[in-house]
$ cat work_11.csv   # CSV, C-alpha atoms
chain,number,residue,atom,x,y,z
I,24,MET,CA,57.7,129.2,71.0
I,25,GLU,CA,56.7,129.3,74.5
I,26,GLN,CA,57.9,125.8,75.1
I,27,LYS,CA,61.3,126.6,73.6
I,28,LEU,CA,61.7,129.5,75.8
I,29,THR,CA,60.9,127.5,78.9
I,30,GLN,CA,63.4,124.9,77.9
I,31,ALA,CA,66.1,127.5,77.3
I,32,THR,CA,65.4,129.1,80.7
I,33,ALA,CA,65.5,125.7,82.4
I,34,GLN,CA,68.8,124.9,80.9
I,35,ALA,CA,70.3,128.3,81.8
I,36,LEU,CA,69.1,127.9,85.4
I,37,ALA,CA,69.9,124.3,86.0
I,38,PRO,CA,73.6,124.7,87.0
I,39,GLU,CA,72.7,127.2,89.6
I,40,THR,CA,69.7,125.5,91.0
I,41,GLU,CA,71.7,122.3,91.4
I,42,GLY,CA,74.3,124.1,93.4
I,43,LEU,CA,77.9,123.6,92.5
I,44,GLU,CA,78.8,123.2,88.9
I,45,GLN,CA,82.0,121.4,88.1
I,46,THR,CA,84.3,123.2,85.7
I,47,ARG,CA,86.1,119.9,85.1
I,48,PRO,CA,84.2,117.1,83.4
I,49,ARG,CA,84.8,114.7,86.3
I,50,ARG,CA,82.7,112.4,88.4
I,51,VAL,CA,82.6,113.2,92.1
I,52,TYR,CA,82.6,110.2,94.5
I,53,ARG,CA,81.8,110.0,98.1
I,54,PRO,CA,84.9,108.7,100.0
I,55,LEU,CA,84.5,105.8,102.4
I,56,ALA,CA,85.1,107.0,106.0
I,57,ASP,CA,86.0,105.8,109.4
I,58,ILE,CA,85.1,108.2,112.2
I,59,TYR,CA,85.7,107.8,115.9
I,60,GLU,CA,85.5,110.1,118.9
I,61,THR,CA,87.8,110.2,121.9
I,62,ASP,CA,87.6,112.4,125.0
I,63,SER,CA,90.0,114.9,123.4
I,64,GLY,CA,88.6,115.0,119.8
I,65,ILE,CA,87.3,113.3,116.7
I,66,VAL,CA,89.4,111.4,114.2
I,67,LEU,CA,88.3,110.9,110.6
I,68,SER,CA,90.0,108.8,107.9
I,69,LEU,CA,88.7,108.9,104.4
I,70,GLU,CA,89.7,106.8,101.4
I,71,MET,CA,90.6,108.9,98.4
I,72,PRO,CA,92.9,106.9,96.2
I,73,GLY,CA,94.6,108.9,93.5
I,74,VAL,CA,94.5,112.2,95.5
I,75,PRO,CA,97.9,113.8,96.3
I,76,ALA,CA,98.3,115.7,99.5
I,77,ASP,CA,98.1,119.1,97.7
I,78,GLY,CA,94.8,118.1,96.1
I,79,VAL,CA,93.0,118.0,99.4
I,80,GLU,CA,90.8,120.8,100.6
I,81,VAL,CA,89.3,120.8,104.1
I,82,THR,CA,86.9,123.5,105.2
I,83,LEU,CA,85.1,123.9,108.5
I,84,GLU,CA,82.2,126.3,108.6
I,85,LYS,CA,80.3,126.4,111.8
I,86,ARG,CA,79.8,122.7,112.4
I,87,VAL,CA,79.9,121.5,108.8
I,88,LEU,CA,83.2,119.9,107.8
I,89,THR,CA,83.6,119.5,104.0
I,90,ILE,CA,86.4,117.5,102.5
I,91,ARG,CA,87.2,117.7,98.8
I,92,GLY,CA,89.9,115.8,97.0
I,93,ARG,CA,91.1,116.3,93.4
I,94,ALA,CA,92.6,113.2,91.9
I,95,GLY,CA,95.8,113.8,90.0
I,96,VAL,CA,95.1,111.2,87.3
I,97,LYS,CA,97.7,111.1,84.5
I,98,ARG,CA,96.6,108.7,81.7
I,99,PRO,CA,99.2,107.6,79.1
I,100,GLU,CA,97.9,108.6,75.7
I,101,THR,CA,98.9,105.3,74.0
I,102,TYR,CA,96.5,103.4,76.3
I,103,ARG,CA,92.8,103.0,76.0
I,104,GLN,CA,90.5,101.5,78.7
I,105,ILE,CA,89.3,98.0,78.0
I,106,TYR,CA,87.8,97.0,81.3
I,107,ALA,CA,86.6,99.0,84.3
I,108,GLU,CA,85.6,98.1,87.8
I,109,TYR,CA,86.1,101.5,89.3
I,110,GLY,CA,85.7,105.0,88.1
I,111,GLU,CA,88.2,107.7,88.4
I,112,GLY,CA,87.2,111.1,89.6
I,113,ASP,CA,87.2,113.6,92.5
I,114,TYR,CA,85.9,113.1,96.0
I,115,GLU,CA,83.6,115.2,98.1
I,116,ARG,CA,81.9,114.6,101.4
I,117,SER,CA,80.5,116.7,104.2
I,118,PHE,CA,79.8,116.0,107.9
I,119,THR,CA,78.0,117.8,110.5
I,120,LEU,CA,80.0,117.6,113.7
I,121,SER,CA,78.5,116.8,117.0
I,122,ALA,CA,81.0,118.8,119.1
I,123,ASP,CA,82.6,122.2,118.9
I,124,ILE,CA,86.0,121.8,117.3
I,125,ASP,CA,89.1,123.9,117.7
I,126,ALA,CA,89.5,124.9,114.1
I,127,GLU,CA,93.0,126.3,114.7
I,128,ARG,CA,94.4,122.9,115.8
I,129,ILE,CA,93.0,120.6,113.1
I,130,ASN,CA,95.7,118.2,111.9
I,131,ALA,CA,95.5,116.7,108.4
I,132,VAL,CA,97.7,114.1,106.9
I,133,CYS,CA,97.3,112.5,103.5
I,134,ARG,CA,99.2,109.2,103.0
I,135,HIS,CA,98.8,106.4,100.5
I,136,GLY,CA,95.4,107.8,99.3
I,137,VAL,CA,93.9,108.1,102.8
I,138,LEU,CA,93.3,111.4,104.4
I,139,THR,CA,93.4,111.4,108.2
I,140,LEU,CA,91.9,114.4,110.1
I,141,GLU,CA,92.4,115.0,113.8
I,142,LEU,CA,89.9,117.4,115.1
I,143,PRO,CA,90.6,118.4,118.7
I,144,LYS,CA,87.6,119.5,120.7
I,145,ALA,CA,87.4,123.1,121.8
I,146,GLU,CA,88.2,123.6,125.4
I,147,GLU,CA,84.7,124.7,126.3
I,148,ALA,CA,83.2,121.6,124.7
I,149,LYS,CA,85.2,119.1,126.7
I,150,PRO,CA,83.2,117.4,129.4
I,151,ARG,CA,83.8,119.0,132.8
I,152,GLN,CA,83.3,117.5,136.2
I,153,ILE,CA,80.9,119.7,138.2
I,154,ASN,CA,81.4,119.5,141.9
I,155,VAL,CA,78.1,119.4,143.8
I,156,ARG,CA,78.2,120.7,147.3
I,157,ALA,CA,75.8,119.7,150.0
I,158,ALA,CA,73.9,122.8,151.1
H,3,MET,CA,86.2,88.6,86.4
H,4,ALA,CA,86.7,86.2,83.6
H,5,PHE,CA,87.5,86.8,80.0
H,6,ALA,CA,86.0,84.4,77.5
H,7,SER,CA,88.5,82.2,75.7
H,8,THR,CA,87.6,84.1,72.5
H,9,TRP,CA,88.7,87.3,74.1
H,10,HIS,CA,89.2,90.1,71.7
H,11,PRO,CA,90.4,93.6,72.8
H,12,ASP,CA,87.7,95.3,70.9
H,13,PHE,CA,84.8,93.1,72.0
H,14,ASP,CA,83.3,92.9,75.5
H,15,PRO,CA,79.5,92.9,75.3
H,16,PHE,CA,79.1,93.4,79.1
H,17,SER,CA,81.7,96.1,79.8
H,18,ASP,CA,79.3,98.9,79.5
H,19,VAL,CA,76.7,97.3,81.7
H,20,ARG,CA,79.3,96.5,84.3
H,21,ARG,CA,80.8,99.9,84.2
H,22,LEU,CA,77.4,101.5,84.6
H,23,HIS,CA,76.6,99.2,87.5
H,24,ASN,CA,79.9,100.1,89.3
H,25,GLN,CA,79.4,103.8,88.6
H,26,ILE,CA,75.9,103.7,90.2
H,27,ASP,CA,77.4,101.9,93.2
H,28,ARG,CA,80.2,104.5,93.5
H,29,LEU,CA,77.9,107.4,93.2
H,30,LEU,CA,75.7,106.0,96.0
H,31,GLY,CA,78.8,105.6,98.1
H,32,ARG,CA,78.9,101.9,98.0
H,33,GLN,CA,82.0,99.9,97.4
H,34,ALA,CA,82.4,98.8,93.8
H,35,SER,CA,80.5,95.6,93.4
H,36,THR,CA,83.0,93.3,91.7
H,37,ALA,CA,82.5,89.6,91.2
H,38,ALA,CA,82.3,88.7,94.9
H,39,GLY,CA,83.2,92.1,96.3
H,40,ALA,CA,86.7,91.4,95.2
H,41,PHE,CA,89.4,93.8,96.5
H,42,PRO,CA,91.1,95.6,94.9
H,43,ALA,CA,88.9,96.8,92.1
H,44,VAL,CA,90.9,96.9,88.9
H,45,ASN,CA,90.9,98.7,85.6
H,46,LEU,CA,92.6,97.4,82.5
H,47,TRP,CA,94.2,99.5,79.8
H,48,ALA,CA,95.5,98.3,76.4
H,49,GLY,CA,98.4,99.8,74.6
H,50,PRO,CA,100.4,98.7,71.6
H,51,ASP,CA,101.8,95.3,72.7
H,52,SER,CA,101.4,96.1,76.3
H,53,ILE,CA,98.7,96.1,79.0
H,54,ALA,CA,98.4,98.3,82.1
H,55,VAL,CA,96.5,97.3,85.2
H,56,THR,CA,95.5,99.9,87.7
H,57,ALA,CA,94.0,99.2,91.2
H,58,GLU,CA,92.8,101.3,94.0
H,59,LEU,CA,94.7,100.4,97.2
H,60,PRO,CA,93.9,103.2,99.7
H,61,GLY,CA,95.8,103.0,102.9
H,62,VAL,CA,98.3,100.4,101.6
H,63,ALA,CA,101.9,101.2,101.8
H,64,PRO,CA,104.0,100.2,98.7
H,65,ASP,CA,105.9,97.8,100.9
H,66,ASP,CA,102.7,95.9,101.8
H,67,VAL,CA,101.8,95.1,98.2
H,68,GLU,CA,103.2,92.1,96.3
H,69,VAL,CA,102.7,91.8,92.6
H,70,SER,CA,103.6,88.7,90.7
H,71,VAL,CA,102.9,87.4,87.2
H,72,ARG,CA,102.8,84.0,85.7
H,73,GLU,CA,102.0,83.3,82.0
H,74,ASP,CA,98.8,85.5,81.6
H,75,VAL,CA,97.8,85.8,85.2
H,76,LEU,CA,98.6,88.8,87.4
H,77,THR,CA,98.4,88.4,91.1
H,78,ILE,CA,98.1,91.3,93.5
H,79,ARG,CA,98.2,90.5,97.2
H,80,GLY,CA,98.9,92.3,100.4
H,81,SER,CA,97.3,93.6,103.5
H,82,ARG,CA,95.6,96.7,104.8
H,83,ALA,CA,96.4,97.6,108.3
H,84,ALA,CA,93.6,98.5,110.7
H,85,ALA,CA,93.9,101.8,112.6
H,86,THR,CA,95.7,101.3,116.0
H,87,ILE,CA,93.7,103.1,118.6
H,88,SER,CA,94.8,103.0,122.2
H,89,GLU,CA,92.1,105.0,123.9
H,90,PRO,CA,88.5,103.8,124.3
H,91,VAL,CA,86.5,105.3,121.5
H,92,GLY,CA,83.0,105.7,120.2
H,93,TRP,CA,82.6,104.9,116.6
H,94,HIS,CA,80.5,107.1,114.4
H,95,ARG,CA,81.3,105.5,111.0
H,96,ARG,CA,83.1,102.3,110.1
H,97,GLU,CA,83.0,102.0,106.4
H,98,ARG,CA,86.6,101.1,105.6
H,99,SER,CA,87.7,97.5,105.6
H,100,HIS,CA,91.1,96.0,106.4
H,101,GLY,CA,93.0,92.7,106.4
H,102,HIS,CA,94.6,90.5,103.8
H,103,PHE,CA,93.6,90.6,100.2
H,104,GLN,CA,94.5,88.7,97.0
H,105,ARG,CA,93.3,89.2,93.5
H,106,LEU,CA,94.1,87.3,90.4
H,107,VAL,CA,93.6,89.2,87.1
H,108,GLN,CA,93.4,87.3,83.8
H,109,LEU,CA,95.3,89.2,81.2
H,110,PRO,CA,94.4,89.0,77.5
H,111,PHE,CA,97.8,87.6,76.5
H,112,ARG,CA,100.9,86.1,78.0
H,113,VAL,CA,103.4,88.7,79.3
H,114,ALA,CA,107.1,88.8,79.7
H,115,PRO,CA,107.8,88.4,83.4
H,116,ASP,CA,111.0,90.3,83.2
H,117,ARG,CA,109.4,93.4,81.8
H,118,VAL,CA,106.9,94.2,84.5
H,119,GLU,CA,106.8,97.7,86.1
H,120,ALA,CA,104.7,98.4,89.2
H,121,ARG,CA,104.4,101.5,91.2
H,122,VAL,CA,102.1,102.8,93.8
H,123,THR,CA,101.2,106.5,93.7
H,124,ASN,CA,98.8,108.1,96.3
H,125,GLY,CA,97.1,104.7,96.9
H,126,VAL,CA,96.8,103.7,93.3
H,127,LEU,CA,98.8,100.7,92.0
H,128,ALA,CA,99.8,100.8,88.3
H,129,VAL,CA,101.3,97.7,86.7
H,130,GLU,CA,102.6,97.8,83.2
H,131,LEU,CA,103.1,94.5,81.4
H,132,HIS,CA,104.5,93.8,78.0
H,133,ARG,CA,103.9,91.0,75.4
H,134,PRO,CA,107.0,88.9,75.0
H,135,GLU,CA,109.1,89.6,71.9
H,136,GLN,CA,108.5,86.1,70.4
H,137,ASP,CA,104.7,86.4,70.8
H,138,LYS,CA,104.4,89.7,69.0
H,139,PRO,CA,102.6,89.6,65.6
H,140,ARG,CA,105.2,89.7,62.9
H,141,ARG,CA,104.8,91.3,59.5
H,142,ILE,CA,105.6,88.8,56.7
H,143,GLU,CA,107.3,90.2,53.7
H,144,ILE,CA,105.7,89.2,50.5
H,145,LYS,CA,108.0,88.4,47.7
H,146,SER,CA,106.9,88.9,44.1
$ encode --input "work_11.csv" --output "C-alpha cells"
Amino acid sequence: MEQKLTQATAQALAPETEGLEQTRPRRVYRPLADIYETDSGIVLSLEMPGVPADGVEVTLEKRVLTIRGRAGVKRPETYRQIYAEYGEGDYERSFTLSADIDAERINAVCRHGVLTLELPKAEEAKPRQINVRAA
Amino acid sequence: MAFASTWHPDFDPFSDVRRLHNQIDRLLGRQASTAAGAFPAVNLWAGPDSIAVTAELPGVAPDDVEVSVREDVLTIRGSRAAATISEPVGWHRRERSHGHFQRLVQLPFRVAPDRVEARVTNGVLAVELHRPEQDKPRRIEIKS
C-alpha cells in the first residue's frame, strides 16, 4: 500500500520536477550551431531543418538566450516509414551570452531550415578606448 | 546504407537498432552517425507502388540541390555554402559543416524516371518516386 502510494506520488510529480513537459508527443533535438563574435555583436546560426519561420521562438532573459523551433511536419497518411537515419522533432537550445545584448535590435531570419540571429551588443558593453593622461 | 538483395519492405532486422543509435546521437547533439557520416541523412517511406525519400538539408537553397534517378538508385548532390564573413571574428562554436555532398540511395525497386517529384521545404528535401506501370504486380483473373 505504502509502496503504491509512493509510486503514484512519484508519477504525479515527475513532469514538474523535470521542468518543461511537452504537450506534443515529440522529440526535442539540440540544433547544431555556429556562433561568432564581432566588435559590434554576436551572430548565431542554428540548423533546424523542417522548422518554418513562424515556428521559431527566441527569448532573451537576462543573459540567457533560448531558441525553440517547432517543426511543421506533414506526413502523408498513405506512407509508412521503412528506414530512418534521422528523427523528426522539435528543437531547443539555450546559451548564456558573454556580453550585454541590445534586446531591442535583435535580428532573426529563418531560411532553408537555418535560423540566423544577429545580436548587437548594447552601447555600454562595447569596448571603449580610455585616454590616459600623464599627471 | 545497403539493402540486402532479398530486401522485403516488411523485414529489416537492424532498422530498430539503427534508429535507436541515431536517436541517441541526436539527443546528445551529435550529428546522425550514418554509414560513414554520410550527408544528408535520409529517411525512407513506402506507399502503395511508390516510395518517398526525405533528407535534411539545412542551409541548402533549392537551386543548390541536384536530384537524379537511374534504375533503382537515387542520387542527391549539391553544396552547402559557408558563411561569408568580412570582419575579423572570434568563434565560439563551429558545429555546422559545409562543402559539396553526394549521397546515393538504393531504392527497394526500379522507379519510373519521368514520375519523380522533388521539393525542398524549410531545409527538408522530399522526393517521391513511383514504380513503373509495367513493373506493378498485376492481378491475374482466374477462369473457371
$ closest_atom_pairs --input "work_11.csv" --of "chain I" --to "chain H" --cutoff "10 Å" --atoms "all atoms listed in the file" --output "CSV"
residue,atom,partner,partner_atom,distance
I:Arg50,CA,H:Leu29,CA,8.4
I:Val51,CA,H:Leu29,CA,7.5
I:Tyr52,CA,H:Leu29,CA,5.6
I:Arg53,CA,H:Gly31,CA,5.3
I:Pro54,CA,H:Gly31,CA,7.1
I:Leu55,CA,H:Glu97,CA,5.7
I:Ala56,CA,H:Glu97,CA,5.4
I:Asp57,CA,H:Arg96,CA,4.6
I:Ile58,CA,H:Arg95,CA,4.8
I:Tyr59,CA,H:Trp93,CA,4.3
I:Glu60,CA,H:Gly92,CA,5.2
I:Thr61,CA,H:Val91,CA,5.1
I:Asp62,CA,H:Val91,CA,8.0
I:Ile65,CA,H:Val91,CA,9.4
I:Val66,CA,H:Trp93,CA,9.7
I:Leu67,CA,H:Arg95,CA,8.8
I:Ser68,CA,H:Arg98,CA,8.7
I:Leu69,CA,H:Arg98,CA,8.2
I:Glu70,CA,H:Pro60,CA,5.8
I:Met71,CA,H:Pro60,CA,6.7
I:Pro72,CA,H:Gly125,CA,4.8
I:Gly73,CA,H:Asn124,CA,5.1
I:Val74,CA,H:Asn124,CA,6.0
I:Pro75,CA,H:Asn124,CA,5.8
I:Ala76,CA,H:Asn124,CA,8.3
I:Ala94,CA,H:Asn124,CA,9.2
I:Gly95,CA,H:Asn124,CA,9.0
I:Val96,CA,H:Val126,CA,9.8
I:Arg98,CA,H:Trp47,CA,9.7
I:Pro99,CA,H:Gly49,CA,9.0
I:Glu100,CA,H:Gly49,CA,8.9
I:Thr101,CA,H:Gly49,CA,5.6
I:Tyr102,CA,H:Gly49,CA,4.4
I:Arg103,CA,H:Trp47,CA,5.4
I:Gln104,CA,H:Trp47,CA,4.3
I:Ile105,CA,H:Trp47,CA,5.4
I:Tyr106,CA,H:Leu46,CA,5.0
I:Ala107,CA,H:Asn45,CA,4.5
I:Glu108,CA,H:Val44,CA,5.5
I:Tyr109,CA,H:Ala43,CA,6.1
I:Gly110,CA,H:Gln25,CA,6.4
I:Glu111,CA,H:Gln25,CA,9.6
I:Cys133,CA,H:Asn124,CA,8.6
I:Arg134,CA,H:Asn124,CA,6.8
I:His135,CA,H:Gly125,CA,4.3
I:Gly136,CA,H:Gly125,CA,4.3
I:Val137,CA,H:Gly61,CA,5.4
I:Leu138,CA,H:Gly61,CA,8.9
$ residues_near_point --input "work_11.csv" --point "(80.0, 116.3, 108.8)" --cutoff "9 Å" --atoms "only C-alpha atoms" --output "list in words"
Arg86, Val87, Leu88, Thr89, Arg116, Ser117, Phe118, Thr119, Leu120 and Ser121 of chain I
$ atom_distance --input "work_11.csv" --atom1 "CA of Ser63 in chain I" --atom2 "CA of Leu142 in chain I"
8.7 Å
$ atom_distance --input "work_11.csv" --atom1 "CA of Pro139 in chain H" --atom2 "CA of Glu73 in chain H"
17.6 Å
$ atom_distance --input "work_11.csv" --atom1 "CA of Ile90 in chain I" --atom2 "CA of His102 in chain H"
28.2 Å
$ residues_around --input "work_11.csv" --residues "range 103-106 of chain H" --least-positions-apart "3" --cutoff "6 Å" --atoms "all atoms listed in the file" --output "VMD selection string"
chain H and resid 76 to 81
$ decode --input "work_11.csv" --residues "range 99-110 of chain H" --atoms "all heavy atoms" --output "PDB file, in the first residue's frame"
ATOM      1  N   SER H  99      28.749  22.026 -40.756  1.00  0.00           N
ATOM      2  CA  SER H  99      29.739  21.752 -41.793  1.00  0.00           C
ATOM      3  C   SER H  99      29.225  22.258 -43.136  1.00  0.00           C
ATOM      4  O   SER H  99      28.046  22.528 -43.299  1.00  0.00           O
ATOM      5  CB  SER H  99      30.063  20.264 -41.852  1.00  0.00           C
ATOM      6  OG  SER H  99      28.903  19.486 -41.707  1.00  0.00           O
ATOM      7  N   HIS H 100      30.147  22.388 -44.079  1.00  0.00           N
ATOM      8  CA  HIS H 100      29.758  22.912 -45.395  1.00  0.00           C
ATOM      9  C   HIS H 100      30.606  22.240 -46.473  1.00  0.00           C
ATOM     10  O   HIS H 100      31.509  21.463 -46.180  1.00  0.00           O
ATOM     11  CB  HIS H 100      29.902  24.430 -45.436  1.00  0.00           C
ATOM     12  CG  HIS H 100      31.231  24.925 -44.980  1.00  0.00           C
ATOM     13  ND1 HIS H 100      32.325  24.985 -45.815  1.00  0.00           N
ATOM     14  CD2 HIS H 100      31.672  25.321 -43.766  1.00  0.00           C
ATOM     15  CE1 HIS H 100      33.357  25.438 -45.126  1.00  0.00           C
ATOM     16  NE2 HIS H 100      32.999  25.655 -43.868  1.00  0.00           N
ATOM     17  N   GLY H 101      30.286  22.566 -47.696  1.00  0.00           N
ATOM     18  CA  GLY H 101      31.012  21.980 -48.824  1.00  0.00           C
ATOM     19  C   GLY H 101      30.110  21.100 -49.670  1.00  0.00           C
ATOM     20  O   GLY H 101      28.893  21.085 -49.497  1.00  0.00           O
ATOM     21  N   HIS H 102      30.752  20.378 -50.601  1.00  0.00           N
ATOM     22  CA  HIS H 102      29.985  19.541 -51.523  1.00  0.00           C
ATOM     23  C   HIS H 102      29.550  18.244 -50.854  1.00  0.00           C
ATOM     24  O   HIS H 102      30.229  17.745 -49.977  1.00  0.00           O
ATOM     25  CB  HIS H 102      30.822  19.214 -52.763  1.00  0.00           C
ATOM     26  CG  HIS H 102      31.009  20.419 -53.623  1.00  0.00           C
ATOM     27  ND1 HIS H 102      30.082  20.784 -54.578  1.00  0.00           N
ATOM     28  CD2 HIS H 102      31.991  21.341 -53.653  1.00  0.00           C
ATOM     29  CE1 HIS H 102      30.499  21.895 -55.156  1.00  0.00           C
ATOM     30  NE2 HIS H 102      31.653  22.259 -54.616  1.00  0.00           N
ATOM     31  N   PHE H 103      28.428  17.743 -51.283  1.00  0.00           N
ATOM     32  CA  PHE H 103      27.970  16.452 -50.770  1.00  0.00           C
ATOM     33  C   PHE H 103      27.348  15.649 -51.895  1.00  0.00           C
ATOM     34  O   PHE H 103      26.879  16.192 -52.886  1.00  0.00           O
ATOM     35  CB  PHE H 103      26.969  16.635 -49.620  1.00  0.00           C
ATOM     36  CG  PHE H 103      25.717  17.387 -49.974  1.00  0.00           C
ATOM     37  CD1 PHE H 103      24.637  16.740 -50.555  1.00  0.00           C
ATOM     38  CD2 PHE H 103      25.625  18.750 -49.714  1.00  0.00           C
ATOM     39  CE1 PHE H 103      23.486  17.439 -50.879  1.00  0.00           C
ATOM     40  CE2 PHE H 103      24.468  19.454 -50.040  1.00  0.00           C
ATOM     41  CZ  PHE H 103      23.399  18.798 -50.624  1.00  0.00           C
ATOM     42  N   GLN H 104      27.406  14.342 -51.740  1.00  0.00           N
ATOM     43  CA  GLN H 104      26.749  13.441 -52.683  1.00  0.00           C
ATOM     44  C   GLN H 104      26.329  12.196 -51.928  1.00  0.00           C
ATOM     45  O   GLN H 104      27.093  11.654 -51.136  1.00  0.00           O
ATOM     46  CB  GLN H 104      27.690  13.069 -53.823  1.00  0.00           C
ATOM     47  CG  GLN H 104      27.092  12.013 -54.741  1.00  0.00           C
ATOM     48  CD  GLN H 104      27.849  11.866 -56.038  1.00  0.00           C
ATOM     49  OE1 GLN H 104      28.215  12.845 -56.658  1.00  0.00           O
ATOM     50  NE2 GLN H 104      28.087  10.638 -56.442  1.00  0.00           N
ATOM     51  N   ARG H 105      25.133  11.753 -52.183  1.00  0.00           N
ATOM     52  CA  ARG H 105      24.611  10.583 -51.487  1.00  0.00           C
ATOM     53  C   ARG H 105      23.844   9.730 -52.478  1.00  0.00           C
ATOM     54  O   ARG H 105      23.010  10.248 -53.220  1.00  0.00           O
ATOM     55  CB  ARG H 105      23.679  11.070 -50.366  1.00  0.00           C
ATOM     56  CG  ARG H 105      23.115  10.005 -49.479  1.00  0.00           C
ATOM     57  CD  ARG H 105      24.043   9.686 -48.355  1.00  0.00           C
ATOM     58  NE  ARG H 105      23.789   8.349 -47.837  1.00  0.00           N
ATOM     59  CZ  ARG H 105      23.032   8.069 -46.780  1.00  0.00           C
ATOM     60  NH1 ARG H 105      22.488   9.039 -46.095  1.00  0.00           N
ATOM     61  NH2 ARG H 105      22.834   6.828 -46.405  1.00  0.00           N
ATOM     62  N   LEU H 106      24.155   8.455 -52.495  1.00  0.00           N
ATOM     63  CA  LEU H 106      23.422   7.518 -53.349  1.00  0.00           C
ATOM     64  C   LEU H 106      22.521   6.678 -52.459  1.00  0.00           C
ATOM     65  O   LEU H 106      22.969   6.146 -51.446  1.00  0.00           O
ATOM     66  CB  LEU H 106      24.387   6.614 -54.119  1.00  0.00           C
ATOM     67  CG  LEU H 106      25.002   7.259 -55.367  1.00  0.00           C
ATOM     68  CD1 LEU H 106      26.220   8.072 -54.992  1.00  0.00           C
ATOM     69  CD2 LEU H 106      25.374   6.219 -56.386  1.00  0.00           C
ATOM     70  N   VAL H 107      21.276   6.609 -52.823  1.00  0.00           N
ATOM     71  CA  VAL H 107      20.309   5.865 -52.020  1.00  0.00           C
ATOM     72  C   VAL H 107      19.768   4.718 -52.860  1.00  0.00           C
ATOM     73  O   VAL H 107      19.202   4.922 -53.931  1.00  0.00           O
ATOM     74  CB  VAL H 107      19.151   6.781 -51.558  1.00  0.00           C
ATOM     75  CG1 VAL H 107      18.173   5.997 -50.688  1.00  0.00           C
ATOM     76  CG2 VAL H 107      19.672   7.986 -50.806  1.00  0.00           C
ATOM     77  N   GLN H 108      19.964   3.514 -52.332  1.00  0.00           N
ATOM     78  CA  GLN H 108      19.455   2.313 -53.007  1.00  0.00           C
ATOM     79  C   GLN H 108      17.969   2.176 -52.687  1.00  0.00           C
ATOM     80  O   GLN H 108      17.591   2.107 -51.519  1.00  0.00           O
ATOM     81  CB  GLN H 108      20.234   1.101 -52.507  1.00  0.00           C
ATOM     82  CG  GLN H 108      19.724  -0.227 -53.004  1.00  0.00           C
ATOM     83  CD  GLN H 108      20.241  -0.553 -54.387  1.00  0.00           C
ATOM     84  OE1 GLN H 108      21.444  -0.549 -54.609  1.00  0.00           O
ATOM     85  NE2 GLN H 108      19.324  -0.805 -55.302  1.00  0.00           N
ATOM     86  N   LEU H 109      17.141   2.145 -53.717  1.00  0.00           N
ATOM     87  CA  LEU H 109      15.701   2.028 -53.511  1.00  0.00           C
ATOM     88  C   LEU H 109      15.282   0.572 -53.593  1.00  0.00           C
ATOM     89  O   LEU H 109      15.962  -0.234 -54.220  1.00  0.00           O
ATOM     90  CB  LEU H 109      14.967   2.858 -54.570  1.00  0.00           C
ATOM     91  CG  LEU H 109      15.350   4.342 -54.652  1.00  0.00           C
ATOM     92  CD1 LEU H 109      14.736   4.976 -55.875  1.00  0.00           C
ATOM     93  CD2 LEU H 109      14.923   5.077 -53.399  1.00  0.00           C
ATOM     94  N   PRO H 110      14.166   0.221 -52.961  1.00  0.00           N
ATOM     95  CA  PRO H 110      13.764  -1.192 -52.970  1.00  0.00           C
ATOM     96  C   PRO H 110      13.273  -1.696 -54.325  1.00  0.00           C
ATOM     97  O   PRO H 110      13.146  -2.885 -54.518  1.00  0.00           O
ATOM     98  CB  PRO H 110      12.654  -1.261 -51.922  1.00  0.00           C
ATOM     99  CG  PRO H 110      12.185   0.124 -51.757  1.00  0.00           C
ATOM    100  CD  PRO H 110      13.331   1.020 -52.065  1.00  0.00           C
TER     101      PRO H 110
END
